[in-house]
Amino acid sequence: MRYGLRLLWQDAIIKKSIILVLFILAFFIIIFSVKLKELPPQLPLFYSLSRGSEQLGNPLTLLILPISAFIIIVFNTVISVYFSSREMIISRILMTIGAFACVVLFITFIKIILIVT
């Protein structure tokens, strides 16, 4: 496991993806901490549900987005470590997709914050 992580860290693409994800996760925490007091008691979060109160959630449900981003990255990192010694391209693809997913979740997070504040 340690050798696989070291091998991943040596790859430039994967290293940039990991750094990007760490910054995004830090921004998630900072923005949520700063804006928590300003958030209304109900947030529009579940857009796939029918219009009305079913779409609303409390401010803590907004944490679904950073938690999902973290789970995606951990899952992709574990799989990347498994494939790193055999197929580095699969590891690169997984880490890049994970970084892209984090960016999309972060944009969604920011849009929700900007709508309600």
# chains A, B, ... in the order shown; residues from 1 in each chain; ligands from 1
>>> select_by_dssp(residues="stretch 23-95 of chain A", states="strand (DSSP E or B)", output="list of chain:residue names")
A:Leu43, A:Pro44, A:Leu56, A:Gly57
>>> residues_around(residues="A:Phe46", least_positions_apart="4", cutoff="12 Å", atoms="only C-alpha atoms", output="list in words")
Gln42, Ser50, Arg51, Gly52, Ser53, Glu54, Gln55, Leu56, Gly57, Asn58, Thr61, Leu62, Ile64, Leu65, Thr108 and Ile112 of chain A
>>> write_last_selection(atoms="N, CA and C atoms", output="PDB file, in the first residue's frame")
ATOM      1  N   GLN A  42     -33.789  26.306   5.827  1.00  0.00           N
ATOM      2  CA  GLN A  42     -34.102  25.367   4.756  1.00  0.00           C
ATOM      3  C   GLN A  42     -33.347  25.779   3.494  1.00  0.00           C
ATOM      4  N   SER A  50     -39.771  16.507  -6.601  1.00  0.00           N
ATOM      5  CA  SER A  50     -40.809  17.419  -7.071  1.00  0.00           C
ATOM      6  C   SER A  50     -40.743  18.742  -6.311  1.00  0.00           C
ATOM      7  N   ARG A  51     -41.229  19.782  -6.956  1.00  0.00           N
ATOM      8  CA  ARG A  51     -41.170  21.131  -6.380  1.00  0.00           C
ATOM      9  C   ARG A  51     -41.877  21.213  -5.039  1.00  0.00           C
ATOM     10  N   GLY A  52     -41.326  22.045  -4.182  1.00  0.00           N
ATOM     11  CA  GLY A  52     -41.950  22.258  -2.886  1.00  0.00           C
ATOM     12  C   GLY A  52     -41.005  21.926  -1.752  1.00  0.00           C
ATOM     13  N   SER A  53     -41.588  21.567  -0.650  1.00  0.00           N
ATOM     14  CA  SER A  53     -40.794  21.327   0.559  1.00  0.00           C
ATOM     15  C   SER A  53     -39.937  20.072   0.462  1.00  0.00           C
ATOM     16  N   GLU A  54     -40.243  19.191  -0.496  1.00  0.00           N
ATOM     17  CA  GLU A  54     -39.444  17.971  -0.650  1.00  0.00           C
ATOM     18  C   GLU A  54     -38.030  18.277  -1.134  1.00  0.00           C
ATOM     19  N   GLN A  55     -37.842  19.391  -1.813  1.00  0.00           N
ATOM     20  CA  GLN A  55     -36.524  19.771  -2.311  1.00  0.00           C
ATOM     21  C   GLN A  55     -35.638  20.375  -1.227  1.00  0.00           C
ATOM     22  N   LEU A  56     -36.216  20.724  -0.120  1.00  0.00           N
ATOM     23  CA  LEU A  56     -35.486  21.464   0.905  1.00  0.00           C
ATOM     24  C   LEU A  56     -34.802  20.540   1.905  1.00  0.00           C
ATOM     25  N   GLY A  57     -33.682  21.008   2.412  1.00  0.00           N
ATOM     26  CA  GLY A  57     -32.967  20.297   3.460  1.00  0.00           C
ATOM     27  C   GLY A  57     -32.366  21.304   4.417  1.00  0.00           C
ATOM     28  N   ASN A  58     -31.986  20.854   5.594  1.00  0.00           N
ATOM     29  CA  ASN A  58     -31.368  21.777   6.547  1.00  0.00           C
ATOM     30  C   ASN A  58     -29.915  22.034   6.148  1.00  0.00           C
ATOM     31  N   THR A  61     -27.434  19.154   5.733  1.00  0.00           N
ATOM     32  CA  THR A  61     -27.519  18.257   4.573  1.00  0.00           C
ATOM     33  C   THR A  61     -26.644  18.748   3.426  1.00  0.00           C
ATOM     34  N   LEU A  62     -26.215  19.987   3.488  1.00  0.00           N
ATOM     35  CA  LEU A  62     -25.284  20.511   2.493  1.00  0.00           C
ATOM     36  C   LEU A  62     -23.933  19.796   2.577  1.00  0.00           C
ATOM     37  N   ILE A  64     -23.507  16.779   2.483  1.00  0.00           N
ATOM     38  CA  ILE A  64     -23.527  15.602   1.610  1.00  0.00           C
ATOM     39  C   ILE A  64     -22.532  15.782   0.464  1.00  0.00           C
ATOM     40  N   LEU A  65     -22.409  16.996  -0.045  1.00  0.00           N
ATOM     41  CA  LEU A  65     -21.524  17.249  -1.188  1.00  0.00           C
ATOM     42  C   LEU A  65     -20.044  17.037  -0.851  1.00  0.00           C
ATOM     43  N   THR A 108     -21.364  22.890  -7.553  1.00  0.00           N
ATOM     44  CA  THR A 108     -22.738  22.746  -7.067  1.00  0.00           C
ATOM     45  C   THR A 108     -22.880  23.353  -5.673  1.00  0.00           C
ATOM     46  N   ILE A 112     -25.281  26.613  -4.687  1.00  0.00           N
ATOM     47  CA  ILE A 112     -26.307  26.566  -3.637  1.00  0.00           C
ATOM     48  C   ILE A 112     -26.056  27.651  -2.596  1.00  0.00           C
TER      49      ILE A 112
END
>>> residues_around(residues="stretch 96-104 of chain A", least_positions_apart="3", cutoff="10 Å", atoms="only C-alpha atoms", output="ChimeraX atom specification")
/A:13-14,16-22,24-25,65-66,68-77,90-93,107-110
>>> closest_atom_pairs(of="stretch 44-98 of chain A", to="stretch 1-10 of chain A", cutoff="10 Å", atoms="only C-alpha atoms", output="tab-separated table")
residue	atom	partner	partner_atom	distance
A:Thr77	CA	A:Leu5	CA	8.5
A:Val78	CA	A:Met1	CA	8.7
A:Ser80	CA	A:Leu8	CA	7.8
A:Val81	CA	A:Gly4	CA	4.8
A:Tyr82	CA	A:Gly4	CA	7.2
A:Phe83	CA	A:Gly4	CA	8.5
A:Ser84	CA	A:Gly4	CA	6.2
A:Ser85	CA	A:Gly4	CA	6.9
A:Met88	CA	A:Leu8	CA	8.3
A:Ser91	CA	A:Leu8	CA	7.8
A:Arg92	CA	A:Leu8	CA	8.6
A:Met95	CA	A:Leu8	CA	9.6
>>> residues_around(residues="A:Phe32", least_positions_apart="2", cutoff="10 Å", atoms="only C-alpha atoms", output="CSV table (one decimal) with C-alpha atoms, in the first residue's frame")
chain,number,residue,atom,x,y,z
A,26,ALA,CA,-10.2,22.6,2.3
A,27,PHE,CA,-12.3,25.2,0.5
A,28,PHE,CA,-15.4,23.1,1.2
A,29,ILE,CA,-14.7,23.2,4.9
A,30,ILE,CA,-13.7,26.9,5.0
A,34,VAL,CA,-17.8,30.8,7.3
A,35,LYS,CA,-21.3,30.7,5.7
A,36,LEU,CA,-23.0,28.4,8.3
A,37,LYS,CA,-24.4,31.3,10.4
A,38,GLU,CA,-25.8,33.0,7.3
A,39,LEU,CA,-27.6,30.0,5.9
A,59,PRO,CA,-27.9,23.4,6.3
A,60,LEU,CA,-26.2,20.2,7.6
A,62,LEU,CA,-25.3,20.5,2.5
A,63,LEU,CA,-22.4,18.4,3.9
A,66,PRO,CA,-18.1,17.4,0.5
A,109,PHE,CA,-21.9,23.6,-3.5
A,110,ILE,CA,-20.9,27.2,-4.4
A,113,ILE,CA,-24.5,28.9,-1.2
>>> atom_distance(atom1="atom CA of A:Phe106", atom2="atom CA of A:Phe23")
10.8 Å
>>> atom_distance(atom1="atom CA of A:Pro41", atom2="atom CA of A:Lys111")
17.1 Å
>>> decode(residues="stretch 93-114 of chain A", atoms="C-alpha atoms", output="PDB file, in the first residue's frame")
ATOM      1  CA  ILE A  93      -7.789   8.122 -15.319  1.00  0.00           C
ATOM      2  CA  LEU A  94      -9.282   7.282 -11.919  1.00  0.00           C
ATOM      3  CA  MET A  95      -7.567  10.155 -10.145  1.00  0.00           C
ATOM      4  CA  THR A  96      -8.444  12.622 -12.908  1.00  0.00           C
ATOM      5  CA  ILE A  97     -12.094  11.536 -12.843  1.00  0.00           C
ATOM      6  CA  GLY A  98     -12.083  11.865  -9.057  1.00  0.00           C
ATOM      7  CA  ALA A  99     -10.671  15.389  -9.288  1.00  0.00           C
ATOM      8  CA  PHE A 100     -13.277  16.278 -11.926  1.00  0.00           C
ATOM      9  CA  ALA A 101     -16.064  14.927  -9.705  1.00  0.00           C
ATOM     10  CA  CYS A 102     -14.767  17.030  -6.801  1.00  0.00           C
ATOM     11  CA  VAL A 103     -14.744  20.140  -8.989  1.00  0.00           C
ATOM     12  CA  VAL A 104     -18.337  19.488 -10.113  1.00  0.00           C
ATOM     13  CA  LEU A 105     -19.492  18.921  -6.532  1.00  0.00           C
ATOM     14  CA  PHE A 106     -17.682  22.075  -5.419  1.00  0.00           C
ATOM     15  CA  ILE A 107     -19.364  24.132  -8.161  1.00  0.00           C
ATOM     16  CA  THR A 108     -22.738  22.746  -7.067  1.00  0.00           C
ATOM     17  CA  PHE A 109     -21.903  23.619  -3.452  1.00  0.00           C
ATOM     18  CA  ILE A 110     -20.940  27.179  -4.397  1.00  0.00           C
ATOM     19  CA  LYS A 111     -24.075  27.650  -6.518  1.00  0.00           C
ATOM     20  CA  ILE A 112     -26.307  26.566  -3.637  1.00  0.00           C
ATOM     21  CA  ILE A 113     -24.466  28.865  -1.223  1.00  0.00           C
ATOM     22  CA  LEU A 114     -24.768  31.802  -3.631  1.00  0.00           C
TER      23      LEU A 114
END
